[in-house]
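Asks: Before I ask anything, let me first share the structure, which is written out below as structure tokens.
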Amino acid sequence: MRTYIIRRLLTLPVLVFGVTILIFALISMLTPYERAALYVTDIPKRQGAIDGVIAKYGLDDPIHEQYLRWLGKVVRGDLGWSKTDKSPVGEVIRRRLPATVELALFASLPMVGVGIWLGVQAAVNHNKFIDQILRVNSIIGWSIPIFVFALIVMMIFYAKLEWFPPGRLSDQAQRIVLSDEFSRYTQLNTVDSLLNGRGDILLDAIRHLVLPVLSLSYLNWALVLRVTRSSMLETLRQDYLTTARAKGITERNVVNKHALPNALISVATIGGLVLIGLLNGVVITETVFNYPGIGSFMAQAAITLDVISVLGIALYAGVILVLGNLVVDLLYAFLDPRIRLA
Amino acid sequence: MSTLKQLVRNPTSLTGLILVLLFIVMALGAPIIAPPAENARDPYMIPHDGFSVEPRPPSEEHPLGTTEGQYDILYGIVWGTRTAFRVGIVITLFTAVTGVIVGSIAAFYGGWVDDLLMRVTEIFMAFPFLLAAITLTAVLQTVYGRGEAGILVWGAKIIALVAFGRLPTKPLDPVSMRLMTAMMALMAFGWMTYARLIRGDILALKERDFVLAARTMGAGDFRILFRHILPNAIYPTLVVASMDIGSYVLSFAGLGFLGLGAQVGYADWGQMISFARNWIPRLAQHWHIVVFPGVTILLFVLAWNLIGDAFRDILDPRLRGARG
């Protein structure tokens, strides 16, 4: 166990280093002029002034010197200047992160919970009607583009029924949240409204979260379902379950207490894939629902070719994914007694 | 051969096969189903009936209605089928070949070569796919926007040659530039699965008797790899490739939807749906601008997934006849 953890921890710096190299490789495809936004906020238009900036920040220096200088800035949290937002990229990320975190947190709950529950139902009823229905449904879930799903729920629940509006808060609630009487402890509107004892804000925040959460979780629960199902099927065939049944334990307890905990160990391995699904999903979901998080900002920056912002967010997402995968692997080692006790 | 027979017998994959066949008919018959105007320079540019902003519902003249800017939806869907096949197949081809080359080299030579290539693979996998593709598209569009020639431009030209059967004029025109950048971005972050898959399969075969026999008979590395190992290891890769066609079309549509894929007015499903972003409060009235292209993408991707799902069951018989 200890050697496994140590070995796994040692890959972390290698991967993070690789991520920065890849991002910098993309940066080096830009001209020195385009790279200048990494260092200065206001890129001068006059030719002489540009040369001055390029010379001052060594944008024509050998590539490894530029890399080290850039890395030094990145480590300090300085990702350059966003021309879309007219502010530093790091600050944009910090400002918009809570909205995305709130969305992703709420989306991962139904995704994992519903996915596991349905996966168990499918496995227990293997090859029966429920299994077939769920199977077809999860293939459709895999095949529908997230933006089509999102637009269709918008069409029904916003354009037609007017139940759930886009955005993150209504204007009125937004004013209250930004005012002095409302303390933003966590920046997560749902949590803060509870801490402030404001039921109306909580309701407003939830109203805005329902549809994006639904869209973001819909396409991912298919994945959780499928893995839970096949893992459960493997487990249900094990001898120790036959023993359990022979001892007279009810089928319900066999499934829930004896099979499920073991089946869930391998479900933990897809934690990384779920994280990828969330990171990819927020870009499109936030764009459709006009939700002010990092994802919608990235899409907006990409269209305007604000490459410095896009690269900054990609670096951020890459590091998050590397860390997330590490956590998943360690969790797996901890959950699986065959690894934990080895 | 028996695999094909099983695919036809299985109702799920049969549905998939029929759907794919229908899409092939639609792609081949595009000039008949939706004839382009006689003076049209590029049949892939959707003709528009006037310039009025407001989408129009289905009518006799436009059976599936028009989008914002009066682009005919039926025409876009029909010609978009060609774009979808082209994008899906070409990206899959390039990623599979790249992956197989990288994976084969890593597995065959082992040692530090293997270590190095697998670390590189892991680093590429450290980015969420769509995010990475968005990033690279933005960078490539900036690079191509400058119009300078370079290795990258030649790369784009080779892909264009495979995709369209002709070398684009120099410099890349804006329409194919936008297609190529999005496709290249998806390719750059799509090869890793293949590399890992083929590497594992080759490692399992490498020490088998027939390979050692070939070696004792004096066969060179190249011959052993291409004549003895790869033909035996390639099958799972082909299965994954067949499933990937749908998922690349899905990702490409995602880029198109965000405005990073095909040019406005180009026959591409994702690009067509992106118009809907401007009409969200009035989607109840303009449902057709989402539903028709949306269902088309769904059916196309679904078809490949149905085939892939049955494929997997056929290849992995462990679960067949399990308790239940």
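Residues in the structure tokens are named by chain (A, B, ... in the order shown) and by number from 1 within that chain; ligands are numbered from 1 in the order shown.
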What residues in segment 165-318 of chain A get the DSSP label alpha helix (DSSP H)? Please answer as a PyMOL selection string.

Replies: chain A and resi 171-178+189-195+199-236+239-246+251-253+260-267+271-288+294-303+307-318

Asks: With the cut-off set at 6 Å and counting only C-alpha atoms, tabulate each residue of chain B with an atom at most that distance from an atom of chain A, showing the nearest atom pair and its distance in Å to one decimal, ordered by chain and increasing number, as a Markdown table.

Replies:
| residue | atom | partner | partner_atom | distance |
| --- | --- | --- | --- | --- |
| B:Ile123 | CA | A:Gly18 | CA | 5.7 |
| B:Ala126 | CA | A:Gly318 | CA | 5.5 |
| B:Phe127 | CA | A:Gly318 | CA | 4.7 |
| B:Pro128 | CA | A:Ile276 | CA | 5.3 |
| B:Leu130 | CA | A:Asn280 | CA | 5.5 |
| B:Leu131 | CA | A:Asn280 | CA | 5.9 |
| B:Thr135 | CA | A:Val310 | CA | 5.8 |
| B:Ala138 | CA | A:Ala302 | CA | 5.5 |
| B:Pro281 | CA | A:Ala159 | CA | 5.0 |
| B:Arg282 | CA | A:Ala159 | CA | 5.7 |
| B:Leu283 | CA | A:Met155 | CA | 5.1 |
| B:Ala284 | CA | A:Lys160 | CA | 5.4 |
| B:Gly294 | CA | A:Val148 | CA | 5.7 |
| B:Leu298 | CA | A:Ile144 | CA | 4.9 |
| B:Val301 | CA | A:Ser143 | CA | 5.3 |
| B:Leu302 | CA | A:Ser143 | CA | 5.1 |
| B:Gly324 | CA | A:His126 | CA | 5.0 |

Asks: Env of segment 110-114 of chain B: 12 Å cut, atoms = only C-alpha atoms, seq-sep filter 3 positions within chain, self excluded. Answer as a ChimeraX atom specification.

Replies: /B:102-107,117-121,195-196,199-200,202-203,206

Asks: Would you pick out the contacts of Leu264 of chain A at 12 Å or less, using only C-alpha atoms, so that residues sharing its chain but fewer than 6 positions from it are not included, and give the list as a ChimeraX atom specification?

Replies: /A:112-113,115-117,119-120,224-225,227-235,255-258,270-271,331-332,335-336

Asks: Next, dump the selected residues to file, keeping only C-alpha atoms, as a short mmCIF file (atom, residue, chain, number, x, y, z; two decimals), in the first residue's frame.

Replies:
data_model
loop_
_atom_site.label_atom_id
_atom_site.label_comp_id
_atom_site.auth_asym_id
_atom_site.auth_seq_id
_atom_site.Cartn_x
_atom_site.Cartn_y
_atom_site.Cartn_z
CA VAL A 112 -23.76 9.31 -9.14
CA GLY A 113 -26.79 8.51 -6.98
CA GLY A 115 -26.64 6.15 -11.92
CA ILE A 116 -25.68 3.66 -9.21
CA TRP A 117 -29.27 2.96 -8.23
CA GLY A 119 -27.23 0.27 -12.48
CA VAL A 120 -28.12 -2.03 -9.60
CA VAL A 224 -22.22 5.43 -14.09
CA LEU A 225 -25.17 3.16 -14.84
CA VAL A 227 -20.22 0.57 -15.09
CA THR A 228 -22.32 -0.19 -12.00
CA ARG A 229 -24.35 -2.67 -14.03
CA SER A 230 -21.41 -4.67 -15.34
CA SER A 231 -19.55 -4.51 -12.03
CA MET A 232 -22.68 -5.74 -10.24
CA LEU A 233 -23.11 -8.55 -12.76
CA GLU A 234 -19.56 -9.72 -12.12
CA THR A 235 -20.03 -9.57 -8.36
CA VAL A 255 -27.72 -7.46 -3.10
CA ASN A 256 -27.53 -4.39 -0.87
CA LYS A 257 -25.20 -5.51 1.90
CA HIS A 258 -23.02 -8.18 0.34
CA ILE A 270 -14.63 5.89 -13.14
CA GLY A 271 -14.40 8.91 -10.85
CA LEU A 331 -9.37 6.35 -2.96
CA TYR A 332 -9.51 3.14 -4.95
CA LEU A 335 -11.36 1.11 -0.74
CA ASP A 336 -10.07 -2.14 -2.18
#

Asks: Determine, counting only C-alpha atoms, which protein, DNA and RNA residues have an atom within 8 Å of an atom of segment 307-314 of chain B; residues of the same chain fewer than 5 positions away are not included. Present the result as number ranges by chain.

Replies: B: 3, 6-7, 10, 12-14, 16-17, 239-240, 242-243, 319-320

Asks: Between atom CA of Met192 of chain B and atom CA of Phe24 of chain A, what distance in Å does the model show, to one decimal?

Replies: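 A separation of 20.2 Å between them.
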
Asks: Could you pull the residues within 12 Å of segment 56-64 of chain B, counting only C-alpha atoms, minus those fewer than 4 positions along the same chain, as a VMD selection string?

Replies: chain B and resid 34 47 to 52 68 to 78 283 to 293

Asks: With only C-alpha atoms as the counted atoms, please give the residues lying no more than 6 Å from Leu79 of chain A, apart from itself and same-chain residues fewer than 5 positions off, as a list in words.

Replies: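 The filter keeps Val74, Val89, Gly90 and Gly312 of chain A.
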
Asks: Could you dump the residues just selected with N, CA and C atoms as a short mmCIF file (atom, residue, chain, number, x, y, z; two decimals), in the first residue's frame?

Replies:
data_model
loop_
_atom_site.label_atom_id
_atom_site.label_comp_id
_atom_site.auth_asym_id
_atom_site.auth_seq_id
_atom_site.Cartn_x
_atom_site.Cartn_y
_atom_site.Cartn_z
N VAL A 74 3.21 31.64 -13.67
CA VAL A 74 2.05 30.77 -13.46
C VAL A 74 2.00 30.28 -12.02
N VAL A 89 -6.49 36.94 -16.16
CA VAL A 89 -7.16 35.65 -16.33
C VAL A 89 -7.37 34.96 -14.98
N GLY A 90 -6.34 35.03 -14.13
CA GLY A 90 -6.44 34.40 -12.82
C GLY A 90 -7.61 34.95 -12.03
N GLY A 312 -5.15 29.68 -20.31
CA GLY A 312 -5.13 29.73 -18.85
C GLY A 312 -6.13 28.76 -18.24
#

Asks: Report the distance between atom CA of Ile46 of chain B and atom CA of Leu28 of chain B in Å, rounded to one decimal place.

Replies: 17.0 Å
